[in-house]
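Step one of this worksheet: look at the structure below.
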Amino acid sequence: MKSKKKSMGLSKRRNLIGWIFLLPAVLLICGMSFYPMIRALVLSFRTGVGANMKFTGFYNYIRMLQDKVFIQALFNNFFYLIIQVPIMLLLALVLASMLNDKDVKFKGLFRTAIFLPCATSLVSYAIIFRALFALDGFINTMLIKIGILDVPINWLGNAQTAKTVIILALIWRWTGYNMVFYLAGLQNIEYSIYEAAEIDGASPFHQFGRITIPLLKPMILLTAIMSTNGTLQLFDESVNLTNGGPANATITMSHYIYKMSFEYSPNFGYSTAMSFVVLILVAVLAFIQMKTGDKR
Amino acid sequence: MKKVLSILLVLVMAASLAACVTGKNGNSGNTVDNNSADNGGTANAPANTSEGGNTLTVWCWDPAFNIYAMQEAEKVYQKTNPDFKLNIIETPWEDVQTKITTAASSGDLSTLPDIFLMQDNAFQKNYINFPEVFTDLTDSGIDYDSFAQAKAAYSVIDGKNYGVPFDNGTGIDCLRTDILKQAGYTIDDFKDITWDRYIEIGKDVLAKTKMPLLSSQAGSPDLIMEMLQSCGQSLFKEDGSPNIVENQALTEAINVYTTMVKEGILVEVNDWDQYVGTFTNGTVAGTINGCWILASIQTAADQSGKWALTNVPSLKDISNATNYTNNGGSSWGISTNCKNVDLAVDFLSKTFAGSVEFYETILPSSGALATYLPAGKSEVYAQPSEFFGGQKVYADITEFAGKVPSNITGVYYYEARDAVGTAMTNVVSGADLESELKNAEDTVKFQMGQ
Amino acid sequence: MRKLKRFLNYFVLTAVSLLSVFPLYWMAVSATNKSVDVIAGRLIPGTYLLENWKGLLQAQNVGSALINSFRNSIMLTLAGLLICSIAGYGFEIYHDKGKDTVMSILLLAMMVPFVATLIPLFQMFSKIGLLNSTLGFILPTISTPFLIMLFRQSARSFPHDIIEAARIDGLSEFGIFLRIFIPTMRSTYAAAMTIVFMNAWNNYLWPKVIMLSNEKITMPMMVANLLTGYVIDYGMVMLGVLVCTVPTVVIFSLLQKSFAEGITGAVK
């Protein structure tokens with residue numbers, strides 16, 4: 001019934017409305033993030049302090065390559081990323097699909113309990129983790145009692161084990177957080193699909209692999225990008241659990257950047273340059289994830 | 001369903017309304033809170049300092065200690081200046097640092113207070129980077145001769161004074177006399193000794209009582225830094241260049257530390273809470289630290305009467321080695337944002353830098369030990385401490401304070417400290433000392449060469 | 001088979017829940033103990049709660065910190081949800097190449113460590129006179145790529161035929177968003193509300209730079225104040241931390257039902 005011309009006009013109008021919907025959010029991000037980011041980018045080509053800064057081109061970026069602590073931090077960040085993110089996301093998926101099961105009772109209780117770690121204040125959780133993994137702490141005592149260990153391990157005093165503690169802490173803290181997104185995403189999947197699959201004799205593993213994961217793909221992409229970003233900008237755990245130690249074995253890029261800005265003699269040119277390296281790394285990884293995971 | 005929908009709708013509408021309201025009124029409401037009637041030009045930021053008037057704004061952080069001291073100082077000063085008022089803003093040290101760095105780096109000093117408290121170790125770093133923040137107090141009339149010289153030196157840059165010394169970080173060796181007794185020692189056996197002798201006694205005490213003498217936070221070079229200062233040394237030379245590889249005192253200090261860890265005389269723990277736990281739970285026989293550690297020791301009420309303190313061990317065969325050192329402490333600075341410098345100087349010089357009575361008031365309830373020497377002669381300082389078995393601890397510490405050698409903190413204090421901490425950790429776990437020190441020096445040099 | 005599965009479910013969920021709750025339990029217990037006992041790792045409730053509470057009230061203005069944190073966090077949550085959900089909706093429902101590109105560019109905004117933009121942002125806020133204000137607190141984080149993307153990804157499962165049907169019924173585009181999208185997506189809204197509230201509540205670095213008076217401090221700033229002295233009273237700290245944690249937990253437990261309920265009513 002509609003003429004071709006009119007419907008073109010309508011879709012143009014809708015497209016315009018779409019842009020209007022985006023406008024407030026986009027303007028805010030431009031003003032509150034991009035503007036300061038450009039200012040920071042300019043700063044990253046300078047050295048010096050306060051009013052006495054001078055332009056030095058790519059000096060800060062080249063300097064990074066010789067900075068042993070920065071390279072160590074970069075390595076640490078990637079180590080956390082590769083080990084921790086997949087384990088955490090898989091665990092969150094499993095827990096979410098368990099909680100989505102109609103037969104499970106006390107769901108509210110379980111959901112709240114599993115979410116608790118990310119709401120628990122950093123202060124208390126850092127104290128507890130350090131105490132648990134102390135030389136005479138609960139973990140060592142248990143492992144010796146069971147017979148797995150003969151002598152206690154100095155968990156936080158050894159480079160590899162300290163990294164392990166950080167990864168355990170991260171998984172503990174953020175699994176429930178990611179589970180929340182999956183739970184919300186699962187609500188958009190008709191439960192009858194699972195019932196039908198069950199009647200067809202599909203095993204729980206089969207259901208998980210064939211139904212849950214594909215249908216949750218948009219959410220998995222979101223959490224993957226967010227976790228990648230979060231891990232490469234990891235700060236809290238490095239500062240509060242290990243203070244970067246022993247001997248910088250667990251320090252992260254963000255922790256080093258913070259030190260460079262506020263604890264050491266401030267060098268903002270250099271610390272913003274390092275920040276932009278973080279940006280590039282996250283952007284590349286996010287781009288790859290979008291390319292592989294964002295097909296419609 | 002409809003209920004949820006309507007609730008959400010109302011929330012959304014409230015949100016947009018609220019956003020509008022704050023957008024319009026947030027600012028003016030805020031200016032009222034800050035008593036700054038100044039609305040014109042760029043000076044729209046909340047003025048933190050008083051303009052003229054009789055009020056001073058102060059940043060400091062510990063309610064039981066420096067905030068309390070400031071409040072008492074306010075009372076003392078009000079006796080002669082009844083209209084005087086302080087606006088004390090509780091700001092943790094890290095935040096003081098972040099706020100000063102942020103304000104100075106963005107070239108906007110209007111947010112700074114009149115007076116701020118600064119860690120002594122950070123004083124030179126901040127002055128060199130942001131000289132525009134500090135008011136020169138050299139000729140202000142504050143009597144610097146009445147402070148322990150090593151202490152005042154922290155806030156002296158190029159012969160000029162920028163701070164008023166406050167709390168004391170004199171190094172002390174605190175020991176459990178009941179445990180020493182079991183092993184056949186007294187506190188006097190620890191007076192004026194060397195670290196070698198300390199290790200000797202330590203082995204004996206460990207063998208007889210199974211108790212280590214010391215504990216420390218793994219990776220934190222506090223003890224090393226204390227040993228260095230006891231010889232008047234630091235990680236830097238006079239000219240500001242790093243002094244790590246060829247620093248004999250440093251080599252010796254790390255050797256002493258490593259030996260103590262290997263022999264089990266010193267237990268390393270992972271963090272500060274566990275460190276405090278080692279002596280409050282009674283798993284070590286003593287501790288060496290700045291004298292402010294007294295407050296933590298005394299939280300274990302059941303150990304009252306079982307402690308004593310003396311001066312710290314000295315490094316053997318190092319020139320200028322003494323039994324006196326320092327760890328931590330802080331000083332007051334006056335910012336250039338202060339509109340009433342005369343008032344601020346007068347206030348500080350009649351309290352922190354001039355009133356024995358003031359120090360007598362704050363000592364008993366806060367244990368705030370002064371570096372103001374005349375206060376040390378006061379009767380209050382000569383009171384025996386029951387917790388320390390009747391020892392006149394405050395008089396003793398004040399006496400030690402006068403003998404602490406001064407050293408150079410340097411602009412890159414925290415960089416060097418971290419680098420040496422890393423070296424120390426690696427050496428303790430078996431790495432070669434010489435090459436680790438070389439690495440540390442390279443790291444510091446790298447960070448200095450921006 | 002079914003029984004085994006159920007047993008396994010309960011076993012795993014119970015184990016994970018216990019692990020998750022333990023530090024919170026420890027925190028609550030520690031809030032009732034003396035500092036010395038907290039350091040010693042005491043796991044049984046003590047009798048020191050009242051003293052810790054008195055000490056906390058004396059040391060800090062808990063009431064004012066709570067009010068500030070609530071005001072800041074609620075404002076930020078509401079403003080953020082409104083602005084970001086409409087944007088996420090716009091990105092997905094009217095999606096084209098141009099908007100996809102814009103989305104990718106927006107994502108860049110979250111990839112720089114906050115420390116790098118802190119100083120330019122502070123300079124800006126100080127100039128406009130937004131220090132010490134709620135608006136100053138919320139502005140930088142109202143619109144976040146994370147939240148926009150959350151709504152964009154959720155909108156992907158929002159059935160397009162409903163939109164067409166609504167258009168035929170004569171609803172305006174904004175009307176569709178308001179009357180149909182929001183109620184349908186309430187599980188996403190509930191999840192987003194929890195997360196945004198929590199992030200706002202725990203935000204520390206930004207308020208500590210812009211809040212310059214005692215009256216403006218937030219809960220995390222209050223907790224930081226408790227940790228600065230030469231002597232730290234851990235019993236009091238744990239009580240402060242507990243007070244700081246409870247609001248997020250309460251909000252979560254109130255909302256968790258909504259984000260785990262299936263789609264009902266509006267869609268079918």
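Starting from 1 in every chain, residues are counted up; chains themselves are A, B, ... following the order of the structure tokens, and ligands are numbered from 1 as listed.
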Please build the interface table for chain B against chain A with a cut-off of 8 Å, listing for each qualifying residue the nearest atom pair and the distance in Å to one decimal; count only C-alpha atoms, order rows by chain and increasing number, and write it as JSON lines.
{"residue": "B:Gln97", "atom": "CA", "partner": "A:Phe262", "partner_atom": "CA", "distance": 6.8}
{"residue": "B:Thr98", "atom": "CA", "partner": "A:Phe262", "partner_atom": "CA", "distance": 5.9}
{"residue": "B:Thr101", "atom": "CA", "partner": "A:Phe262", "partner_atom": "CA", "distance": 6.8}
{"residue": "B:Ala104", "atom": "CA", "partner": "A:Gly50", "partner_atom": "CA", "distance": 6.7}
{"residue": "B:Ser105", "atom": "CA", "partner": "A:Gly50", "partner_atom": "CA", "distance": 4.7}
{"residue": "B:Ser106", "atom": "CA", "partner": "A:Gly50", "partner_atom": "CA", "distance": 7.2}
{"residue": "B:Gly107", "atom": "CA", "partner": "A:Gly50", "partner_atom": "CA", "distance": 7.1}
{"residue": "B:Lys125", "atom": "CA", "partner": "A:Ser265", "partner_atom": "CA", "distance": 6.1}
{"residue": "B:Asn126", "atom": "CA", "partner": "A:Ser265", "partner_atom": "CA", "distance": 7.6}
{"residue": "B:Asn129", "atom": "CA", "partner": "A:Val49", "partner_atom": "CA", "distance": 6.5}
{"residue": "B:Phe130", "atom": "CA", "partner": "A:Gly50", "partner_atom": "CA", "distance": 7.4}
{"residue": "B:Ala218", "atom": "CA", "partner": "A:Gly157", "partner_atom": "CA", "distance": 7.5}
{"residue": "B:Gly219", "atom": "CA", "partner": "A:Pro246", "partner_atom": "CA", "distance": 6.4}
{"residue": "B:Val269", "atom": "CA", "partner": "A:Ala134", "partner_atom": "CA", "distance": 7.5}
{"residue": "B:Asn270", "atom": "CA", "partner": "A:Leu156", "partner_atom": "CA", "distance": 6.9}
{"residue": "B:Asp271", "atom": "CA", "partner": "A:Arg130", "partner_atom": "CA", "distance": 7.7}
{"residue": "B:Asp273", "atom": "CA", "partner": "A:Ile127", "partner_atom": "CA", "distance": 7.9}
{"residue": "B:Gln274", "atom": "CA", "partner": "A:Ala131", "partner_atom": "CA", "distance": 7.8}
{"residue": "B:Val411", "atom": "CA", "partner": "A:Ser265", "partner_atom": "CA", "distance": 6.5}
{"residue": "B:Tyr412", "atom": "CA", "partner": "A:Ser265", "partner_atom": "CA", "distance": 6.1}
{"residue": "B:Tyr413", "atom": "CA", "partner": "A:Tyr264", "partner_atom": "CA", "distance": 7.9}
{"residue": "B:Tyr414", "atom": "CA", "partner": "A:Tyr264", "partner_atom": "CA", "distance": 5.7}
{"residue": "B:Glu415", "atom": "CA", "partner": "A:Tyr264", "partner_atom": "CA", "distance": 5.9}
{"residue": "B:Gly421", "atom": "CA", "partner": "A:Ala247", "partner_atom": "CA", "distance": 7.2}
{"residue": "B:Thr422", "atom": "CA", "partner": "A:Ala247", "partner_atom": "CA", "distance": 4.2}
{"residue": "B:Ala423", "atom": "CA", "partner": "A:Ala247", "partner_atom": "CA", "distance": 7.3}
{"residue": "B:Thr425", "atom": "CA", "partner": "A:Ala247", "partner_atom": "CA", "distance": 6.0}
{"residue": "B:Asn426", "atom": "CA", "partner": "A:Ala247", "partner_atom": "CA", "distance": 6.8}
{"residue": "B:Thr443", "atom": "CA", "partner": "A:Lys68", "partner_atom": "CA", "distance": 7.8}
{"residue": "B:Phe446", "atom": "CA", "partner": "A:Asp67", "partner_atom": "CA", "distance": 7.6}
{"residue": "B:Gln450", "atom": "CA", "partner": "A:Thr47", "partner_atom": "CA", "distance": 6.8}
Export of prior selection with N, CA and C atoms as a PDB file, in the first residue's frame:
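result13.pdb was written with the following content:
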ATOM      1  N   GLN B  97      49.067  12.916  49.186  1.00  0.00           N
ATOM      2  CA  GLN B  97      50.004  12.858  48.066  1.00  0.00           C
ATOM      3  C   GLN B  97      49.271  12.949  46.725  1.00  0.00           C
ATOM      4  N   THR B  98      48.216  12.151  46.560  1.00  0.00           N
ATOM      5  CA  THR B  98      47.479  12.168  45.295  1.00  0.00           C
ATOM      6  C   THR B  98      46.906  13.554  45.030  1.00  0.00           C
ATOM      7  N   THR B 101      49.699  16.092  44.146  1.00  0.00           N
ATOM      8  CA  THR B 101      50.210  15.817  42.797  1.00  0.00           C
ATOM      9  C   THR B 101      49.198  16.252  41.738  1.00  0.00           C
ATOM     10  N   ALA B 104      48.903  20.165  41.691  1.00  0.00           N
ATOM     11  CA  ALA B 104      50.082  20.825  41.149  1.00  0.00           C
ATOM     12  C   ALA B 104      50.264  20.496  39.671  1.00  0.00           C
ATOM     13  N   SER B 105      49.997  19.257  39.270  1.00  0.00           N
ATOM     14  CA  SER B 105      50.181  18.889  37.870  1.00  0.00           C
ATOM     15  C   SER B 105      49.179  19.581  36.974  1.00  0.00           C
ATOM     16  N   SER B 106      47.990  19.871  37.502  1.00  0.00           N
ATOM     17  CA  SER B 106      47.029  20.545  36.639  1.00  0.00           C
ATOM     18  C   SER B 106      47.137  22.057  36.791  1.00  0.00           C
ATOM     19  N   GLY B 107      48.128  22.500  37.549  1.00  0.00           N
ATOM     20  CA  GLY B 107      48.388  23.929  37.639  1.00  0.00           C
ATOM     21  C   GLY B 107      47.316  24.698  38.389  1.00  0.00           C
ATOM     22  N   LYS B 125      61.149  14.971  47.671  1.00  0.00           N
ATOM     23  CA  LYS B 125      60.578  14.612  46.370  1.00  0.00           C
ATOM     24  C   LYS B 125      59.527  15.631  45.955  1.00  0.00           C
ATOM     25  N   ASN B 126      58.628  15.943  46.858  1.00  0.00           N
ATOM     26  CA  ASN B 126      57.546  16.868  46.517  1.00  0.00           C
ATOM     27  C   ASN B 126      58.053  18.278  46.287  1.00  0.00           C
ATOM     28  N   ASN B 129      59.812  18.526  42.846  1.00  0.00           N
ATOM     29  CA  ASN B 129      58.890  18.458  41.716  1.00  0.00           C
ATOM     30  C   ASN B 129      57.901  19.619  41.678  1.00  0.00           C
ATOM     31  N   PHE B 130      57.443  20.005  42.840  1.00  0.00           N
ATOM     32  CA  PHE B 130      56.416  21.051  42.901  1.00  0.00           C
ATOM     33  C   PHE B 130      56.806  22.164  43.865  1.00  0.00           C
ATOM     34  N   ALA B 218      58.156  -9.151  54.508  1.00  0.00           N
ATOM     35  CA  ALA B 218      58.972  -9.582  53.379  1.00  0.00           C
ATOM     36  C   ALA B 218      58.933  -8.521  52.278  1.00  0.00           C
ATOM     37  N   GLY B 219      60.075  -8.244  51.693  1.00  0.00           N
ATOM     38  CA  GLY B 219      60.132  -7.295  50.589  1.00  0.00           C
ATOM     39  C   GLY B 219      60.210  -5.841  51.008  1.00  0.00           C
ATOM     40  N   VAL B 269      57.189 -12.054  57.393  1.00  0.00           N
ATOM     41  CA  VAL B 269      55.758 -12.285  57.200  1.00  0.00           C
ATOM     42  C   VAL B 269      55.308 -11.487  55.974  1.00  0.00           C
ATOM     43  N   ASN B 270      54.068 -11.711  55.538  1.00  0.00           N
ATOM     44  CA  ASN B 270      53.658 -11.139  54.261  1.00  0.00           C
ATOM     45  C   ASN B 270      53.133  -9.721  54.309  1.00  0.00           C
ATOM     46  N   ASP B 271      52.612  -9.299  55.451  1.00  0.00           N
ATOM     47  CA  ASP B 271      52.074  -7.934  55.449  1.00  0.00           C
ATOM     48  C   ASP B 271      52.110  -7.311  56.827  1.00  0.00           C
ATOM     49  N   ASP B 273      49.704  -6.409  58.924  1.00  0.00           N
ATOM     50  CA  ASP B 273      48.861  -6.964  59.990  1.00  0.00           C
ATOM     51  C   ASP B 273      49.548  -8.153  60.639  1.00  0.00           C
ATOM     52  N   GLN B 274      50.172  -8.989  59.770  1.00  0.00           N
ATOM     53  CA  GLN B 274      50.854 -10.161  60.309  1.00  0.00           C
ATOM     54  C   GLN B 274      52.091  -9.754  61.104  1.00  0.00           C
ATOM     55  N   VAL B 411      65.241  12.819  45.893  1.00  0.00           N
ATOM     56  CA  VAL B 411      63.998  12.919  45.141  1.00  0.00           C
ATOM     57  C   VAL B 411      63.495  11.535  44.751  1.00  0.00           C
ATOM     58  N   TYR B 412      64.436  10.625  44.544  1.00  0.00           N
ATOM     59  CA  TYR B 412      64.057   9.307  44.050  1.00  0.00           C
ATOM     60  C   TYR B 412      64.055   8.263  45.166  1.00  0.00           C
ATOM     61  N   TYR B 413      63.758   8.718  46.386  1.00  0.00           N
ATOM     62  CA  TYR B 413      63.767   7.842  47.545  1.00  0.00           C
ATOM     63  C   TYR B 413      62.939   6.577  47.316  1.00  0.00           C
ATOM     64  N   TYR B 414      61.693   6.743  46.849  1.00  0.00           N
ATOM     65  CA  TYR B 414      60.790   5.585  46.735  1.00  0.00           C
ATOM     66  C   TYR B 414      61.222   4.626  45.626  1.00  0.00           C
ATOM     67  N   GLU B 415      61.773   5.162  44.538  1.00  0.00           N
ATOM     68  CA  GLU B 415      62.287   4.312  43.464  1.00  0.00           C
ATOM     69  C   GLU B 415      63.420   3.442  43.990  1.00  0.00           C
ATOM     70  N   GLY B 421      64.553  -3.127  47.784  1.00  0.00           N
ATOM     71  CA  GLY B 421      63.647  -4.148  48.315  1.00  0.00           C
ATOM     72  C   GLY B 421      63.634  -5.376  47.422  1.00  0.00           C
ATOM     73  N   THR B 422      63.604  -5.140  46.108  1.00  0.00           N
ATOM     74  CA  THR B 422      63.638  -6.243  45.147  1.00  0.00           C
ATOM     75  C   THR B 422      64.943  -7.017  45.265  1.00  0.00           C
ATOM     76  N   ALA B 423      66.059  -6.273  45.336  1.00  0.00           N
ATOM     77  CA  ALA B 423      67.363  -6.920  45.454  1.00  0.00           C
ATOM     78  C   ALA B 423      67.420  -7.771  46.715  1.00  0.00           C
ATOM     79  N   THR B 425      64.971  -9.120  48.430  1.00  0.00           N
ATOM     80  CA  THR B 425      64.136 -10.319  48.304  1.00  0.00           C
ATOM     81  C   THR B 425      64.872 -11.404  47.523  1.00  0.00           C
ATOM     82  N   ASN B 426      65.497 -10.996  46.411  1.00  0.00           N
ATOM     83  CA  ASN B 426      66.200 -11.983  45.590  1.00  0.00           C
ATOM     84  C   ASN B 426      67.401 -12.569  46.306  1.00  0.00           C
ATOM     85  N   THR B 443      68.279  -0.007  37.713  1.00  0.00           N
ATOM     86  CA  THR B 443      66.865   0.354  37.740  1.00  0.00           C
ATOM     87  C   THR B 443      66.678   1.803  38.187  1.00  0.00           C
ATOM     88  N   PHE B 446      67.872   4.178  35.617  1.00  0.00           N
ATOM     89  CA  PHE B 446      66.909   4.219  34.513  1.00  0.00           C
ATOM     90  C   PHE B 446      65.740   5.134  34.866  1.00  0.00           C
ATOM     91  N   GLN B 450      64.714  10.408  33.055  1.00  0.00           N
ATOM     92  CA  GLN B 450      63.451  10.516  32.309  1.00  0.00           C
ATOM     93  C   GLN B 450      63.702  11.032  30.896  1.00  0.00           C
TER      94      GLN B 450
END
Which of stretch 255-354 of chain B counts as strand (DSSP E) under DSSP, as JSON, numbers by chain please? {"B": [266, 267, 268, 269, 286, 287, 288, 289, 290, 307, 308, 309, 310, 330, 331, 332, 333, 334]}
Quick check: residues of chain C within 7 Å of chain B, only C-alpha atoms, returned as a short mmCIF file (atom, residue, chain, number, x, y, z; two decimals) with N, CA and C atoms, in the first residue's frame.
data_model
loop_
_atom_site.label_atom_id
_atom_site.label_comp_id
_atom_site.auth_asym_id
_atom_site.auth_seq_id
_atom_site.Cartn_x
_atom_site.Cartn_y
_atom_site.Cartn_z
N VAL C 36 43.07 -7.17 68.62
CA VAL C 36 44.10 -8.19 68.85
C VAL C 36 43.59 -9.57 68.43
N ILE C 39 43.50 -9.97 64.55
CA ILE C 39 44.83 -10.30 64.00
C ILE C 39 45.16 -11.75 64.29
N ALA C 40 44.73 -12.25 65.45
CA ALA C 40 45.04 -13.64 65.79
C ALA C 40 44.17 -14.62 65.00
N ALA C 59 35.01 7.93 65.71
CA ALA C 59 36.11 8.24 64.80
C ALA C 59 35.62 8.84 63.49
N MET C 75 21.92 8.30 42.19
CA MET C 75 21.88 9.23 41.05
C MET C 75 22.59 8.63 39.84
N LEU C 78 20.64 5.62 38.28
CA LEU C 78 19.46 5.99 37.50
C LEU C 78 19.84 6.68 36.20
N ALA C 79 20.72 7.67 36.31
CA ALA C 79 21.12 8.41 35.11
C ALA C 79 21.81 7.47 34.13
N LEU C 82 19.35 5.00 32.36
CA LEU C 82 18.50 5.65 31.36
C LEU C 82 19.30 5.95 30.09
N ILE C 119 44.16 13.54 35.64
CA ILE C 119 44.58 14.94 35.79
C ILE C 119 43.85 15.89 34.83
N GLN C 123 41.37 18.87 36.16
CA GLN C 123 41.55 20.25 35.70
C GLN C 123 40.22 20.81 35.20
N SER C 126 37.62 21.18 38.03
CA SER C 126 37.96 22.28 38.91
C SER C 126 37.60 23.61 38.25
N LYS C 127 37.83 23.70 36.94
CA LYS C 127 37.52 24.93 36.22
C LYS C 127 36.02 25.21 36.19
N ILE C 128 35.23 24.16 35.90
CA ILE C 128 33.77 24.39 35.83
C ILE C 128 33.18 24.51 37.22
N GLY C 129 33.96 24.17 38.26
CA GLY C 129 33.41 24.28 39.60
C GLY C 129 32.55 23.12 40.00
N LEU C 130 32.94 21.93 39.60
CA LEU C 130 32.14 20.75 39.94
C LEU C 130 32.75 19.92 41.06
N LEU C 131 33.83 20.45 41.69
CA LEU C 131 34.42 19.69 42.78
C LEU C 131 33.44 19.66 43.94
N ASN C 132 33.55 18.64 44.77
CA ASN C 132 32.70 18.51 45.96
C ASN C 132 31.22 18.32 45.68
N SER C 133 30.83 17.99 44.45
CA SER C 133 29.40 17.88 44.18
C SER C 133 29.03 16.49 43.66
N THR C 134 27.76 16.15 43.84
CA THR C 134 27.27 14.87 43.33
C THR C 134 27.41 14.82 41.82
N LEU C 135 27.08 15.93 41.17
CA LEU C 135 27.19 15.95 39.72
C LEU C 135 28.62 15.67 39.29
N PRO C 183 10.10 -2.85 30.04
CA PRO C 183 9.50 -3.95 30.83
C PRO C 183 9.94 -5.34 30.38
N LYS C 208 38.12 10.49 45.80
CA LYS C 208 39.17 10.94 46.71
C LYS C 208 39.91 12.15 46.13
N VAL C 209 39.85 12.30 44.83
CA VAL C 209 40.51 13.46 44.23
C VAL C 209 39.59 14.69 44.23
N SER C 213 36.11 18.04 51.23
CA SER C 213 35.74 18.45 52.58
C SER C 213 35.19 17.26 53.34
N ASN C 214 35.27 17.35 54.67
CA ASN C 214 34.85 16.24 55.53
C ASN C 214 33.40 15.85 55.30
N ASN C 225 40.04 6.00 55.66
CA ASN C 225 40.42 6.79 56.83
C ASN C 225 40.71 5.91 58.05
N THR C 228 44.58 4.37 58.37
CA THR C 228 45.77 5.21 58.18
C THR C 228 46.64 5.38 59.40
N GLY C 229 46.13 5.11 60.59
CA GLY C 229 46.87 5.47 61.79
C GLY C 229 48.10 4.62 62.02
N TYR C 230 48.91 5.00 63.00
CA TYR C 230 50.03 4.17 63.42
C TYR C 230 49.49 2.87 64.01
N VAL C 231 48.35 2.99 64.71
CA VAL C 231 47.72 1.77 65.24
C VAL C 231 46.39 1.60 64.52
N GLY C 265 4.59 -12.45 30.38
CA GLY C 265 3.66 -11.36 30.07
C GLY C 265 3.97 -10.62 28.79
#
For chain A, work out the contacting residues on chain C at 7 Å, counting only C-alpha atoms, and write them as a PyMOL selection string. chain C and resi 9+13+16-17+20-21+23-24+27+83-84+86-87+90+94+108-109+111-113+115-117+120-121+140+143+150+153-154+157+187-188+191+238+241+245+248-249+252-253+256-257+259-263
Write down as a count of residues only the residues belonging to stretch 52-288 of chain B that are assigned helix (DSSP H, G or I) by DSSP computed on the backbone. 110
Extract, using only C-alpha atoms, all DNA, RNA and protein residues at most 6 Å from stretch 399-404 of chain B, discarding same-chain residues fewer than 4 positions from it, and format them as a ChimeraX atom specification. /B:148,170,324-325
Could you list, as an NGL selection string, every residue within 6 Å of stretch 178-185 of chain B, counting only C-alpha atoms and ignoring same-chain residues fewer than 3 positions away? :B and (205 or 208 or 306)
With C-alpha atoms retained, export the selected residues as a PDB file, in the first residue's frame.
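As written to disk, out36.pdb reads:
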ATOM      1  CA  VAL B 205      67.774 -17.014  72.526  1.00  0.00           C
ATOM      2  CA  LYS B 208      66.907 -21.759  74.438  1.00  0.00           C
ATOM      3  CA  LYS B 306      57.098  -7.526  80.083  1.00  0.00           C
TER       4      LYS B 306
END
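For the atom pair formed by atom CA of B:Lys75 and atom CA of B:Asp342, the distance is 18.5 Å, given to one decimal.
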